[in-house]
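Q: Attaching a single structure in structure tokens format; questions to follow.
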Amino acid sequence: MKALCWHGKSDVRVDSVPDPKIIDPTDAIIKITATAICGSDLHLFDGFMPTMEAGDILGHEPMGVVVEVGAAVKKLRPGDRVVVPFTISCGSCFFCSKGLYSCCDTSNPNAEIARKAMGQSPAGLFGYSHMLGGFAGGQAEYLRVPYADVGPVKIESDLPDDKVLFLSDIFPTGYMAAENAEIEPGDTVAVWGCGPVGQFVIQSCWIMGAGRVIAIDRVPERLAMAATHGKAETLNFDNDDIYERLMSMTDGRGPDRCIDAVGTEAHGTGSFDAILDKAKAAVMLGTDRPHVLRQAIRCCRKAGTISIPGVYVGLLDKIPFGAAVNKGLTFKMGQTHVQRYLRPLLSRIENGEIDPSFVITHRLPLEKAPDAYKMFRDKQDGCVKVVLSP
Ligand code: NAD
Ligand code: ZN
């Protein structure tokens, strides 16, 4: 089959690779009909994620049709149409039974590598390094899905792929980020990053009862989407002093809730800390560029909450933890427990409450994936979200 493979920094290629096979009786094989590129894939493309190997198949936002199931699979049959969550979870360990699917104790076959790095291993993820399982990803013609009775959600209506695909990741991710922000009715929420995740964070903040949403980015079409689809007030970090603006917009108190939907590759126009981060990352003295996290800690109102859906990789430098402690901030973060949100969010789509396809700006064949990665990373041609079809 054809699949998008990682070969090194800024080097992804569509290669011919062997078709996936059923390995465990709880596996299913899916023929992919639509598969998206995520901001998390950019951390791999930009070479920030350790334990990637040449030839690794990328992609963790897929959907398709079941073509084969293992002997133990009960809920799926060939012909079923499914969306596949990016988190691989067993459904029965200590964490899965609490609904903490991205912390699954059993799905990562390389748990020992992750344990050495993090103390304990999180769940395995599709197409996201050997430390997180070495699972082949879904930017391919076919995908092997482990624990097929636990992850995939069946789409029984005739909703098109575009409307349900983002249940695989970014819609639940935005929703969980807003939930983690502990929004109380009427709260002012500041959202850093108006990429695809930021857009779903904004939508979800309103669902949680926010009174005001202030969205921050510098890419004009992303800010425009936040303002039109998201009905957010917007700030451009190239032109605005974010701290000063947020203070003056909140009578000097600061936003009640701050959400970092940027993560490890933050830019910081002219700011000293961001220049230092970039220099250190360039010579491998540091992995992460946590400019947004620093700014969010500084801006957040006392006793407020910082929610972090943005992905960080390693050791973060110069985090103003003293400010966080003395201001009494709460931090919540994590890879999304996608399985927990699939059915409730599918209902919202089916009811017509939300149509997640508004973020799609580009639909391309899988063969064009290498160009699509560059376009998405470099924000060319108004690109906000790419959907590939194999
Ligand atoms: P993206 O790269 O398309 O968007 C990031 C946006 O942040 C860009 O528009 C960029 O201009 C903006 N940005 C950069 N520096 C900024 C700054 N200083 N202030 C404000 N905005 C700034 O990525 P995405 O797909 O939207 O994903 C966002 C983050 O969420 C990534 O880190 C991704 O890895 C992460 N993610 C996490 C999960 C999870 O389960 N927690 C799931 C999906 C994605
Ligand atoms: Zn993703």
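Each chain in the structure tokens gets a letter, A, B, ..., in the order shown, and its residues are numbered from 1; ligands are numbered from 1 in order too.
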Please identify every residue of range 136-192 of chain A that has at least one atom no farther than 10 Å from an atom of range 196-211 of chain A, counting only C-alpha atoms, and for each give the shortest atom pair and the distance in Å to one decimal, arranged by chain then increasing number, as a Markdown table.
A:
| residue | atom | partner | partner_atom | distance |
| --- | --- | --- | --- | --- |
| A:Phe166 | CA | A:Pro196 | CA | 9.7 |
| A:Asp169 | CA | A:Val197 | CA | 8.9 |
| A:Ile170 | CA | A:Val197 | CA | 5.4 |
| A:Phe171 | CA | A:Phe200 | CA | 5.6 |
| A:Pro172 | CA | A:Phe200 | CA | 8.2 |
| A:Thr173 | CA | A:Val197 | CA | 6.8 |
| A:Gly174 | CA | A:Val201 | CA | 3.9 |
| A:Tyr175 | CA | A:Ser204 | CA | 5.1 |
| A:Met176 | CA | A:Val201 | CA | 8.3 |
| A:Ala177 | CA | A:Val201 | CA | 6.4 |
| A:Ala178 | CA | A:Cys205 | CA | 5.4 |
| A:Glu179 | CA | A:Met208 | CA | 7.3 |
| A:Ala181 | CA | A:Cys205 | CA | 8.8 |
| A:Glu182 | CA | A:Met208 | CA | 8.6 |
| A:Ile183 | CA | A:Met208 | CA | 6.3 |
| A:Glu184 | CA | A:Gly209 | CA | 6.7 |
| A:Pro185 | CA | A:Gly209 | CA | 4.7 |
| A:Gly186 | CA | A:Gly211 | CA | 3.7 |
| A:Asp187 | CA | A:Ala210 | CA | 4.9 |
| A:Thr188 | CA | A:Gly211 | CA | 5.8 |
| A:Val189 | CA | A:Ala210 | CA | 6.8 |
| A:Ala190 | CA | A:Ile202 | CA | 9.1 |
| A:Val191 | CA | A:Gly198 | CA | 6.8 |
| A:Trp192 | CA | A:Gly198 | CA | 7.2 |
Q: Put those residues in a file: N, CA, C and O atoms, as a short mmCIF file (atom, residue, chain, number, x, y, z; two decimals), in the first residue's frame.
A:
data_model
loop_
_atom_site.label_atom_id
_atom_site.label_comp_id
_atom_site.auth_asym_id
_atom_site.auth_seq_id
_atom_site.Cartn_x
_atom_site.Cartn_y
_atom_site.Cartn_z
N PHE A 166 -12.91 14.78 12.57
CA PHE A 166 -12.14 15.40 13.64
C PHE A 166 -12.52 14.92 15.03
O PHE A 166 -11.94 15.36 16.02
N ASP A 169 -9.47 13.42 16.94
CA ASP A 169 -8.49 14.15 17.74
C ASP A 169 -8.94 15.57 18.08
O ASP A 169 -9.33 15.87 19.22
N ILE A 170 -8.93 16.48 17.10
CA ILE A 170 -8.92 17.91 17.46
C ILE A 170 -10.23 18.43 18.07
O ILE A 170 -10.19 19.37 18.86
N PHE A 171 -11.37 17.83 17.74
CA PHE A 171 -12.60 18.29 18.39
C PHE A 171 -12.60 17.87 19.87
O PHE A 171 -12.71 18.71 20.77
N PRO A 172 -12.40 16.56 20.18
CA PRO A 172 -12.26 16.18 21.58
C PRO A 172 -11.13 16.92 22.29
O PRO A 172 -11.25 17.26 23.47
N THR A 173 -10.03 17.19 21.58
CA THR A 173 -8.90 17.89 22.23
C THR A 173 -9.30 19.30 22.63
O THR A 173 -9.01 19.76 23.74
N GLY A 174 -9.98 20.00 21.74
CA GLY A 174 -10.46 21.35 22.09
C GLY A 174 -11.45 21.30 23.23
O GLY A 174 -11.42 22.13 24.15
N TYR A 175 -12.29 20.29 23.21
CA TYR A 175 -13.34 20.16 24.22
C TYR A 175 -12.73 19.84 25.59
O TYR A 175 -13.06 20.47 26.60
N MET A 176 -11.80 18.89 25.61
CA MET A 176 -11.18 18.54 26.90
C MET A 176 -10.36 19.71 27.43
O MET A 176 -10.30 19.93 28.65
N ALA A 177 -9.74 20.49 26.53
CA ALA A 177 -8.96 21.65 26.98
C ALA A 177 -9.88 22.66 27.66
O ALA A 177 -9.52 23.26 28.68
N ALA A 178 -11.07 22.86 27.10
CA ALA A 178 -12.02 23.81 27.71
C ALA A 178 -12.54 23.25 29.03
O ALA A 178 -12.68 23.98 30.02
N GLU A 179 -12.79 21.94 29.06
CA GLU A 179 -13.22 21.30 30.31
C GLU A 179 -12.13 21.46 31.38
O GLU A 179 -12.41 21.83 32.52
N ALA A 181 -10.03 23.72 31.64
CA ALA A 181 -9.87 25.11 32.06
C ALA A 181 -10.83 25.48 33.20
O ALA A 181 -10.75 26.56 33.77
N GLU A 182 -11.74 24.59 33.53
CA GLU A 182 -12.67 24.79 34.66
C GLU A 182 -13.45 26.09 34.52
O GLU A 182 -13.57 26.87 35.47
N ILE A 183 -13.97 26.33 33.32
CA ILE A 183 -14.66 27.58 33.02
C ILE A 183 -15.95 27.69 33.83
O ILE A 183 -16.75 26.76 33.86
N GLU A 184 -16.12 28.82 34.50
CA GLU A 184 -17.38 29.09 35.20
C GLU A 184 -18.18 30.07 34.35
O GLU A 184 -17.60 30.84 33.58
N PRO A 185 -19.52 30.03 34.48
CA PRO A 185 -20.34 30.88 33.62
C PRO A 185 -19.89 32.34 33.66
O PRO A 185 -19.65 32.89 34.74
N GLY A 186 -19.71 32.92 32.49
CA GLY A 186 -19.32 34.32 32.41
C GLY A 186 -17.83 34.58 32.41
O GLY A 186 -17.39 35.71 32.20
N ASP A 187 -17.03 33.54 32.62
CA ASP A 187 -15.57 33.72 32.68
C ASP A 187 -15.01 34.30 31.38
O ASP A 187 -15.50 34.02 30.29
N THR A 188 -13.91 35.03 31.53
CA THR A 188 -13.11 35.45 30.37
C THR A 188 -12.01 34.42 30.15
O THR A 188 -11.24 34.13 31.08
N VAL A 189 -11.96 33.86 28.94
CA VAL A 189 -10.96 32.84 28.62
C VAL A 189 -10.03 33.37 27.54
O VAL A 189 -10.49 33.86 26.51
N ALA A 190 -8.73 33.29 27.79
CA ALA A 190 -7.75 33.65 26.75
C ALA A 190 -7.22 32.37 26.14
O ALA A 190 -6.84 31.44 26.85
N VAL A 191 -7.22 32.31 24.81
CA VAL A 191 -6.76 31.11 24.09
C VAL A 191 -5.57 31.48 23.22
O VAL A 191 -5.70 32.31 22.31
N TRP A 192 -4.42 30.90 23.52
CA TRP A 192 -3.22 31.11 22.68
C TRP A 192 -3.22 30.07 21.57
O TRP A 192 -3.29 28.87 21.86
#
Q: Can you tell me which residues sit at most 8 Å away from ligand 1, counting only C-alpha atoms and all ligand atoms, written as JSON, numbers by chain?
A: {"A": [37, 38, 39, 40, 41, 42, 43, 169, 170, 173, 177, 191, 192, 193, 194, 195, 196, 197, 198, 199, 216, 217, 218, 219, 222, 236, 237, 260, 261, 262, 263, 264, 265, 266, 267, 268, 269, 291, 292, 308, 309, 310, 311, 312, 333, 334, 335, 336, 337, 338, 376, 377, 379, 384, 385]}
Q: DSSP on the backbone: which residues in range 11-259 of chain A end up as strand (DSSP E)? Give the answer as number ranges by chain.
A: A: 11-16, 28-36, 56-57, 62-69, 81-83, 87-88, 124-125, 142-145, 153-154, 188-192, 212-217, 233-236, 257-259
Q: Determine which residues of range 148-288 of chain A DSSP labels as helix (DSSP H, G or I) from the backbone of this structure, then write them out as a PyMOL selection string.
A: chain A and resi 161-168+170-180+196-207+220-228+242-249+272-282
Q: Do you have the atom 1 (Zn, counted along the ligand's line) of ligand 2-CA of Ala34 in chain A distance handy?
A: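 Separating atom 1 (Zn, counted along the ligand's line) of ligand 2 from CA of Ala34 in chain A is a distance of 14.0 Å.
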Q: For range 348-355 of chain A, please output as number ranges by chain all residues within 9 Å (counting only C-alpha atoms; exclusion window: fewer than 4 positions along the same chain).
A: A: 157, 159, 162-164, 203, 343-344
